[in-house]
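Shown below: protein_30.tsv, with TSV, C-alpha atoms.
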```tsv
chain	number	residue	atom	x	y	z
A	59	MET	CA	133.76	68.72	123.98
A	60	LYS	CA	135.24	71.09	121.48
A	61	LYS	CA	135.58	74.60	122.74
A	62	ASN	CA	133.69	77.08	120.53
A	63	ASN	CA	135.91	80.11	120.37
A	64	ASN	CA	135.38	81.20	116.78
A	65	ILE	CA	135.01	84.97	116.51
A	66	SER	CA	132.26	86.32	114.23
A	67	GLY	CA	133.88	89.69	113.66
A	68	PHE	CA	130.71	91.55	114.73
A	69	LYS	CA	130.75	94.08	117.50
A	70	THR	CA	128.17	96.20	119.32
A	71	PRO	CA	128.16	99.92	120.06
A	72	GLN	CA	129.90	100.81	123.31
A	73	ASN	CA	127.73	100.17	126.41
A	74	TYR	CA	125.05	98.54	124.23
A	75	PHE	CA	124.13	95.89	126.79
A	76	ASP	CA	124.31	98.24	129.79
A	77	ASP	CA	120.93	99.86	129.21
A	78	PHE	CA	119.38	97.11	127.08
A	79	GLU	CA	116.74	96.14	129.67
A	80	GLU	CA	115.69	99.73	130.16
A	81	ARG	CA	115.26	100.25	126.42
A	82	LEU	CA	113.37	96.97	126.10
A	83	PHE	CA	110.89	97.79	128.88
A	84	GLN	CA	110.36	101.20	127.43
A	85	ARG	CA	109.60	99.63	124.07
A	86	ILE	CA	107.06	97.35	125.75
A	87	GLU	CA	105.42	100.38	127.39
A	88	GLU	CA	105.36	102.18	124.05
A	89	GLU	CA	103.47	99.26	122.54
A	90	GLN	CA	100.48	100.43	124.61
A	91	PHE	CA	100.46	103.86	122.99
A	92	PRO	CA	97.75	104.37	120.37
A	93	LYS	CA	98.96	104.07	116.79
A	94	SER	CA	96.88	106.99	115.55
A	95	SER	CA	96.80	110.63	116.60
A	96	GLY	CA	93.01	110.70	116.30
A	97	PHE	CA	93.08	113.74	114.01
A	98	LYS	CA	91.18	113.88	110.75
A	99	VAL	CA	90.76	116.46	108.00
A	100	PRO	CA	87.61	117.75	106.26
A	101	ASP	CA	86.47	115.64	103.30
A	102	GLY	CA	88.38	116.41	100.13
A	103	TYR	CA	90.80	118.71	101.99
A	104	PHE	CA	93.98	117.36	100.41
A	105	GLU	CA	92.40	117.20	96.95
A	106	ASN	CA	91.74	120.95	96.91
A	107	LEU	CA	94.82	121.93	98.87
A	108	ASP	CA	97.22	122.35	95.93
A	109	GLU	CA	94.95	124.87	94.30
A	110	GLN	CA	94.48	126.82	97.55
A	111	ILE	CA	98.21	126.93	98.28
A	112	LEU	CA	99.14	127.99	94.75
A	113	LYS	CA	96.48	130.70	94.93
A	114	SER	CA	97.73	132.08	98.23
A	115	VAL	CA	101.37	131.89	97.10
A	116	THR	CA	100.54	133.74	93.86
A	117	GLN	CA	98.50	136.37	95.71
A	118	ASN	CA	101.22	136.83	98.27
A	119	ASN	CA	103.84	137.04	95.59
A	120	SER	CA	101.98	139.70	93.63
A	121	THR	CA	101.41	141.70	96.83
A	122	GLU	CA	105.14	141.50	97.50
A	123	LYS	CA	105.88	142.68	93.98
A	124	LYS	CA	103.39	145.54	94.29
A	125	LYS	CA	105.13	146.71	97.42
A	126	VAL	CA	108.37	147.19	95.49
A	127	ILE	CA	106.77	149.63	93.04
A	128	SER	CA	106.60	152.71	95.17
A	129	HIS	CA	105.69	156.21	94.05
A	130	ILE	CA	107.47	157.67	97.01
A	131	PRO	CA	111.23	157.84	96.58
A	132	LYS	CA	113.05	155.52	98.96
A	133	LYS	CA	114.97	158.33	100.61
A	134	TYR	CA	111.74	159.70	102.16
A	135	PHE	CA	111.24	156.58	104.24
A	136	GLY	CA	114.11	157.65	106.47
A	137	TYR	CA	112.60	161.10	106.92
A	138	ALA	CA	109.18	159.57	107.57
A	139	ALA	CA	110.67	157.37	110.26
A	140	ALA	CA	112.42	160.31	111.87
A	141	ILE	CA	109.29	162.49	111.76
A	142	ALA	CA	107.11	159.71	113.19
A	143	ALA	CA	109.58	159.08	115.99
A	144	CYS	CA	109.82	162.82	116.79
A	145	LEU	CA	106.04	163.18	116.81
A	146	LEU	CA	105.71	160.22	119.11
A	147	VAL	CA	108.27	161.60	121.53
A	148	ALA	CA	106.69	165.08	121.37
A	149	ILE	CA	103.19	163.74	122.05
A	150	GLN	CA	104.42	161.72	124.97
A	151	VAL	CA	106.46	164.58	126.45
A	152	PHE	CA	103.69	167.19	126.15
A	153	THR	CA	100.91	164.87	127.23
A	154	PHE	CA	102.66	163.87	130.41
A	155	GLN	CA	104.34	167.15	131.33
A	156	ASP	CA	103.52	166.78	135.02
A	157	GLU	CA	105.61	163.67	135.18
A	158	ASN	CA	109.33	163.55	134.38
A	159	PRO	CA	109.48	164.70	130.77
A	160	ASN	CA	112.19	162.40	129.51
A	161	ILE	CA	112.55	159.47	127.15
A	162	GLU	CA	112.35	156.99	130.05
A	163	SER	CA	108.81	158.18	130.84
A	164	ILE	CA	107.50	156.65	127.61
A	165	GLN	CA	106.30	153.17	128.29
A	166	ILE	CA	107.83	150.56	126.04
A	167	SER	CA	104.43	148.89	125.75
A	168	MET	CA	103.00	152.12	124.28
A	169	LEU	CA	105.76	152.25	121.71
A	170	ASP	CA	105.13	148.59	120.93
A	171	LYS	CA	101.43	149.24	120.50
A	172	TYR	CA	102.07	152.28	118.30
A	173	ILE	CA	104.23	150.21	115.99
A	174	GLU	CA	102.00	147.11	116.12
A	175	ASP	CA	98.93	149.22	115.28
A	176	GLY	CA	100.69	150.16	112.07
A	177	TYR	CA	101.27	153.86	112.71
A	178	LEU	CA	104.97	153.47	112.04
A	179	ASN	CA	104.42	151.84	108.70
A	180	ILE	CA	107.97	151.39	107.52
A	181	ASN	CA	109.46	148.41	105.81
A	182	LEU	CA	112.43	147.36	107.92
A	183	TYR	CA	114.24	146.10	104.85
A	184	GLU	CA	113.95	149.58	103.31
A	185	LEU	CA	115.10	151.14	106.57
A	186	THR	CA	118.24	149.04	106.69
A	187	ASN	CA	119.34	150.67	103.42
A	188	TYR	CA	120.04	153.81	105.43
A	189	PHE	CA	122.58	152.12	107.63
A	190	GLU	CA	126.16	151.55	106.67
A	191	ASP	CA	128.17	148.67	108.15
A	192	SER	CA	130.29	151.25	109.93
A	193	ASP	CA	127.18	152.61	111.72
A	194	ILE	CA	126.42	149.17	113.07
A	195	SER	CA	129.96	148.30	114.05
A	196	GLY	CA	130.13	151.63	115.93
A	197	LEU	CA	127.12	150.71	118.05
A	198	ASN	CA	127.95	150.05	121.64
A	199	ILE	CA	125.22	147.83	123.03
A	200	ASP	CA	125.45	146.59	126.57
A	201	PHE	CA	123.91	143.15	126.15
A	202	GLU	CA	124.22	142.51	129.86
A	203	LEU	CA	121.34	144.93	130.38
A	204	ILE	CA	119.06	142.69	128.33
A	205	PRO	CA	118.10	139.48	130.15
A	206	GLU	CA	118.89	136.41	128.03
A	207	GLY	CA	115.33	135.08	128.17
A	208	VAL	CA	113.91	138.38	126.87
A	209	LEU	CA	116.34	138.41	123.95
A	210	GLU	CA	115.58	134.79	123.13
A	211	SER	CA	111.83	135.21	123.15
A	212	TYR	CA	112.14	138.42	121.11
A	213	ILE	CA	114.09	136.53	118.46
A	214	ILE	CA	111.68	133.59	118.41
A	215	GLU	CA	108.62	135.84	118.21
A	216	ASN	CA	109.83	138.51	115.86
A	217	MET	CA	112.53	137.28	113.54
A	218	ASP	CA	111.80	135.78	110.18
A	219	GLY	CA	112.26	132.08	110.86
A	220	THR	CA	113.42	131.27	107.36
A	221	THR	CA	116.23	133.80	107.46
A	222	LEU	CA	117.42	132.21	110.64
A	223	ILE	CA	117.06	128.74	109.18
A	224	ASN	CA	119.33	129.77	106.34
A	225	GLU	CA	121.89	130.86	108.87
A	226	GLY	CA	121.66	127.53	110.66
A	227	PHE	CA	119.59	128.88	113.56
A	228	ASN	CA	118.17	126.29	115.91
A	229	PRO	CA	114.98	127.48	117.63
A	230	PHE	CA	115.52	125.16	120.57
A	231	GLU	CA	119.05	125.94	121.59
B	1318	MET	CA	108.13	112.65	89.75
B	1319	ILE	CA	111.51	114.29	89.25
B	1320	GLU	CA	114.43	113.86	91.64
B	1321	GLU	CA	115.05	116.31	94.45
B	1322	LYS	CA	118.13	117.87	92.84
B	1323	GLU	CA	116.32	118.52	89.58
B	1324	LEU	CA	113.35	119.86	91.50
B	1325	VAL	CA	115.56	122.33	93.36
B	1326	SER	CA	117.18	123.61	90.19
B	1327	ALA	CA	113.76	123.94	88.51
B	1328	LEU	CA	112.48	125.81	91.57
B	1329	GLN	CA	115.39	128.20	91.29
B	1330	THR	CA	114.73	128.90	87.61
B	1331	GLU	CA	112.22	131.65	86.92
B	1332	GLU	CA	110.57	129.90	83.94
B	1333	ALA	CA	110.15	126.51	85.59
B	1334	LYS	CA	109.51	127.74	89.12
B	1335	GLU	CA	105.71	127.61	89.19
B	1336	VAL	CA	105.41	124.14	87.62
B	1337	ALA	CA	108.11	122.77	89.92
B	1338	PHE	CA	106.44	124.40	92.90
B	1339	SER	CA	103.11	122.67	92.17
B	1340	GLN	CA	104.99	119.37	92.08
B	1341	LEU	CA	106.62	120.21	95.38
B	1342	VAL	CA	103.27	121.08	96.98
B	1343	SER	CA	101.69	117.91	95.67
B	1344	LYS	CA	104.56	115.78	96.99
B	1345	TYR	CA	104.95	117.26	100.46
B	1346	LYS	CA	101.59	118.82	101.42
B	1347	GLU	CA	100.36	115.86	103.45
B	1348	ARG	CA	103.61	115.18	105.28
B	1349	LEU	CA	104.05	118.84	106.21
B	1350	TYR	CA	100.39	119.12	107.18
B	1351	TRP	CA	100.60	116.26	109.67
B	1352	GLN	CA	103.86	117.53	111.12
B	1353	ILE	CA	102.19	120.90	111.75
B	1354	ARG	CA	98.87	119.46	112.91
B	1355	ASN	CA	100.58	117.38	115.57
B	1356	ILE	CA	102.00	120.57	117.03
B	1357	VAL	CA	99.13	123.07	116.68
B	1358	LEU	CA	96.35	120.41	117.05
B	1359	ASP	CA	93.55	122.41	115.42
B	1360	HIS	CA	92.80	121.83	111.72
B	1361	ASP	CA	92.18	125.48	110.80
B	1362	ASP	CA	95.37	126.54	112.55
B	1363	ALA	CA	97.29	123.76	110.80
B	1364	ASP	CA	95.89	124.93	107.46
B	1365	ASP	CA	97.04	128.53	108.15
B	1366	VAL	CA	100.51	127.41	109.19
B	1367	LEU	CA	100.82	125.08	106.20
B	1368	GLN	CA	100.00	127.91	103.79
B	1369	ASN	CA	102.51	130.18	105.52
B	1370	THR	CA	105.10	127.42	105.32
B	1371	PHE	CA	104.67	127.04	101.57
B	1372	ILE	CA	104.73	130.82	101.08
B	1373	LYS	CA	108.06	130.95	102.96
B	1374	ILE	CA	109.40	128.06	100.91
B	1375	PHE	CA	108.39	129.75	97.64
B	1376	ARG	CA	109.85	133.09	98.70
B	1377	ASN	CA	113.12	131.68	100.02
B	1378	ILE	CA	113.85	128.86	97.61
B	1379	ASN	CA	116.52	130.91	95.85
B	1380	SER	CA	118.49	131.13	99.07
B	1381	PHE	CA	118.40	127.35	99.54
B	1382	LYS	CA	122.03	126.33	99.06
B	1383	GLY	CA	121.56	122.58	99.09
B	1384	GLU	CA	123.65	122.18	102.25
B	1385	SER	CA	120.82	120.07	103.69
B	1386	LYS	CA	118.19	118.02	101.91
B	1387	LEU	CA	115.28	120.00	100.51
B	1388	HIS	CA	112.69	118.10	102.55
B	1389	THR	CA	114.55	118.56	105.84
B	1390	TRP	CA	114.84	122.27	105.04
B	1391	MET	CA	111.06	122.34	104.53
B	1392	TYR	CA	110.37	120.39	107.73
B	1393	ARG	CA	112.50	122.91	109.54
B	1394	ILE	CA	110.51	125.81	108.13
B	1395	ALA	CA	107.28	124.02	109.14
B	1396	ALA	CA	108.63	123.50	112.67
B	1397	ASN	CA	109.60	127.17	112.95
B	1398	GLU	CA	106.31	128.36	111.54
B	1399	SER	CA	104.37	126.18	113.98
B	1400	ILE	CA	106.26	127.52	116.99
B	1401	THR	CA	106.03	131.10	115.72
B	1402	PHE	CA	102.28	130.63	115.27
B	1403	LEU	CA	101.78	129.36	118.83
B	1404	ASN	CA	103.96	132.15	120.22
B	1405	LYS	CA	101.97	134.78	118.35
B	1406	LYS	CA	98.71	133.27	119.54
B	1407	ALA	CA	99.97	133.36	123.12
B	1408	ARG	CA	101.08	136.97	122.73
B	1409	GLN	CA	97.81	138.06	121.12
B	1410	ASN	CA	95.74	136.47	123.88
B	1411	ASN	CA	98.19	137.57	126.55
B	1412	VAL	CA	98.63	134.03	127.87
B	1413	SER	CA	101.55	131.60	128.11
B	1414	MET	CA	102.42	128.98	125.50
B	1415	GLU	CA	101.36	126.28	127.98
B	1416	GLU	CA	97.92	127.87	128.26
B	1417	VAL	CA	97.59	128.00	124.48
B	1418	LYS	CA	98.41	124.29	124.28
B	1419	GLN	CA	96.09	123.48	127.17
B	1420	ASN	CA	93.22	125.36	125.53
B	1421	ALA	CA	93.81	123.48	122.27
B	1422	ILE	CA	93.74	120.17	124.15
B	1423	ASN	CA	90.55	121.15	125.98
B	1424	ARG	CA	88.87	121.91	122.66
B	1425	LEU	CA	89.76	118.48	121.23
B	1426	GLU	CA	86.83	116.73	122.91
B	1427	SER	CA	84.35	118.82	120.94
B	1428	ASP	CA	86.48	119.12	117.79
B	1429	VAL	CA	84.68	117.66	114.77
B	1430	TYR	CA	88.05	116.90	113.21
B	1431	PHE	CA	89.21	114.79	116.13
B	1432	GLU	CA	87.87	111.27	115.99
B	1433	GLY	CA	90.11	109.74	118.62
B	1434	ASP	CA	88.79	107.50	121.37
B	1435	GLU	CA	89.44	108.04	125.06
B	1436	LEU	CA	92.92	106.53	124.88
B	1437	GLU	CA	93.91	108.73	121.95
B	1438	LEU	CA	92.61	111.82	123.73
B	1439	HIS	CA	94.53	110.78	126.80
B	1440	PHE	CA	97.60	110.27	124.66
B	1441	GLN	CA	97.29	113.81	123.21
B	1442	LYS	CA	96.92	115.20	126.72
B	1443	ALA	CA	100.09	113.40	127.77
B	1444	ILE	CA	102.00	114.74	124.74
B	1445	ALA	CA	100.81	118.27	125.55
B	1446	THR	CA	102.48	118.07	128.96
B	1447	LEU	CA	105.92	117.71	127.32
B	1448	PRO	CA	108.25	120.67	126.87
B	1449	GLU	CA	108.14	122.14	123.35
B	1450	LYS	CA	111.29	120.48	122.06
B	1451	GLN	CA	110.47	117.01	123.42
B	1452	GLN	CA	106.96	117.33	122.04
B	1453	MET	CA	108.25	118.08	118.57
B	1454	ILE	CA	110.82	115.30	118.63
B	1455	PHE	CA	108.30	112.79	119.93
B	1456	THR	CA	105.51	113.60	117.45
B	1457	MET	CA	107.87	113.77	114.46
B	1458	LYS	CA	109.40	110.43	115.36
B	1459	TYR	CA	106.29	108.61	116.54
B	1460	PHE	CA	103.71	109.81	114.01
B	1461	GLY	CA	105.94	111.15	111.24
B	1462	ASP	CA	108.25	108.15	111.22
B	1463	HIS	CA	111.31	110.33	110.62
B	1464	THR	CA	114.73	108.78	111.08
B	1465	TYR	CA	117.03	110.22	113.75
B	1466	GLU	CA	119.36	111.37	110.95
B	1467	GLU	CA	116.55	113.36	109.34
B	1468	LEU	CA	115.46	114.79	112.67
B	1469	SER	CA	119.02	115.76	113.46
B	1470	GLU	CA	119.25	117.73	110.22
B	1471	THR	CA	115.79	119.25	110.68
B	1472	LEU	CA	116.06	120.29	114.30
B	1473	GLY	CA	119.80	120.90	114.46
B	1474	THR	CA	120.31	118.52	117.40
B	1475	SER	CA	122.76	115.64	117.69
B	1476	ILE	CA	121.46	112.10	117.15
B	1477	GLY	CA	122.45	111.18	120.71
B	1478	GLY	CA	120.55	114.17	122.08
B	1479	LEU	CA	117.49	113.27	120.01
B	1480	LYS	CA	117.49	109.66	121.16
B	1481	SER	CA	117.74	110.73	124.74
B	1482	SER	CA	114.95	113.35	124.35
B	1483	TYR	CA	112.72	110.80	122.63
B	1484	HIS	CA	113.20	108.25	125.39
B	1485	ILE	CA	112.59	110.82	128.12
B	1486	ALA	CA	109.43	111.98	126.32
B	1487	SER	CA	108.21	108.44	125.85
B	1488	LYS	CA	108.82	107.65	129.53
B	1489	LYS	CA	106.91	110.77	130.63
B	1490	ILE	CA	103.96	109.83	128.41
B	1491	ALA	CA	103.91	106.26	129.73
B	1492	ASP	CA	104.01	107.60	133.31
B	1493	TYR	CA	101.23	110.10	132.59
B	1494	ILE	CA	99.01	107.40	131.10
B	1495	LYS	CA	99.76	105.01	133.96
B	1496	ASN	CA	99.11	107.61	136.70
B	1497	ASN	CA	95.91	108.85	135.16
B	1498	GLU	CA	94.60	105.34	134.66
B	1499	ILE	CA	95.14	104.70	138.37
B	1500	SER	CA	93.28	107.88	139.32
B	1501	ASN	CA	90.38	106.94	137.04
B	1502	ASP	CA	89.89	103.56	138.64
```
Output the file's structure as structure tokens, nothing else.
Amino acid sequence: MKKNNNISGFKTPQNYFDDFEERLFQRIEEEQFPKSSGFKVPDGYFENLDEQILKSVTQNNSTEKKKVISHIPKKYFGYAAAIAACLLVAIQVFTFQDENPNIESIQISMLDKYIEDGYLNINLYELTNYFEDSDISGLNIDFELIPEGVLESYIIENMDGTTLINEGFNPFE
Amino acid sequence: MIEEKELVSALQTEEAKEVAFSQLVSKYKERLYWQIRNIVLDHDDADDVLQNTFIKIFRNINSFKGESKLHTWMYRIAANESITFLNKKARQNNVSMEEVKQNAINRLESDVYFEGDELELHFQKAIATLPEKQQMIFTMKYFGDHTYEELSETLGTSIGGLKSSYHIASKKIADYIKNNEISND
């Protein structure tokens, strides 16, 4: 009998056959998964969606534009921030005089709440105008004092996702 | 429908932006909706996140450099918006992300916009047990039919890593279904 030793020229990825069975059985198991998610949408939802989205984008855009036209000169935002911060510290110090009257006595959660409730109503983008690069490079932050998990969840919860996307940020890594 | 490159340049031109944007919405609204819905589960939440996603796209289109494909850039924004939404919800209700997901799953049985049978409900419950990243990879691949190349660009993970995550997720779901079937018997 003639020996068949012709070579086809094809090859497989490295270790292809090593885990073939495992992949095959998994595929068989997957066959039992439902093909549909079970979700549905209200009748006519997608038909009216374009209009709704365009409306909310236009509204949002005009609100953004309105924000730019400010009657208060930009330079006062810095002063407003400083005054608000001083007031906050003063209130805290004088309200809790019996306790240790120092900056550490102010609970971070109270500061958070104050800002979240909108009392410190300052646009961060405006605020950054008051900082020079040299101010930032001069900052000496001890990152070891901030646990990694806290920093990560702060970034995920508070940063503008799109800005991070543009910088190649991966939310999962 | 115009090609993606032309669409991007129209979107980045002030005069053509709004017309191009309506084309973009019309082309991608359903795909983005289902990507989001598979993560947040509730229709009203998905609608909110979808609107936010398109607002972000509109606002940031000028900073899109074309280093990735437009649609993968949009999927990425949708993924980020969905996670941000769930995180905010957890923070507002002072509960963990897992609890938010569990509550959403518990509401599915009475949700008028969920028409799944017992197996589909069971399947959703199994998916909800996965860690966030595996859940996103699994739903985008299984329901969204994305290629690994697309997913790699969207989620910023290597193709090898994605394949491995998908297989682990799939195995966990199969195990969950199998174990729960046994307990139901």
re atom CA of Val208 of chain A and atom CA of Gly1473 of chain B: distance 22.2 Å
* Asked: What residues in chain B lie within 6 Å of chain A, counting all atoms listed in the file, written as a PyMOL selection string?
  -> chain B and resi 1368+1372+1397+1401+1430-1433+1473
Across B:Asp1365, B:Glu1449, B:Glu1335, B:Asp1359, the smallest distance to Ile1378 of chain B, with all atoms listed in the file counted, is shown by B:Glu1335
Can you pull out every residue within 9 Å of segment 1456-1466 of chain B, counting all atoms listed in the file, but drop anything in the same chain fewer than 4 positions away, and send it as number ranges by chain?
-> A: 93-95; B: 1348, 1351-1352, 1355-1356, 1444, 1451-1452, 1470-1471, 1475-1477, 1479-1480, 1483
Check your understanding: Expressed in Å to a single decimal, how great is the separation between atom CA of Met168 of chain A and atom CA of Ala143 of chain A?
Key ->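 Computed distance, atom CA of Met168 of chain A to atom CA of Ala143 of chain A, equals 12.7 Å.
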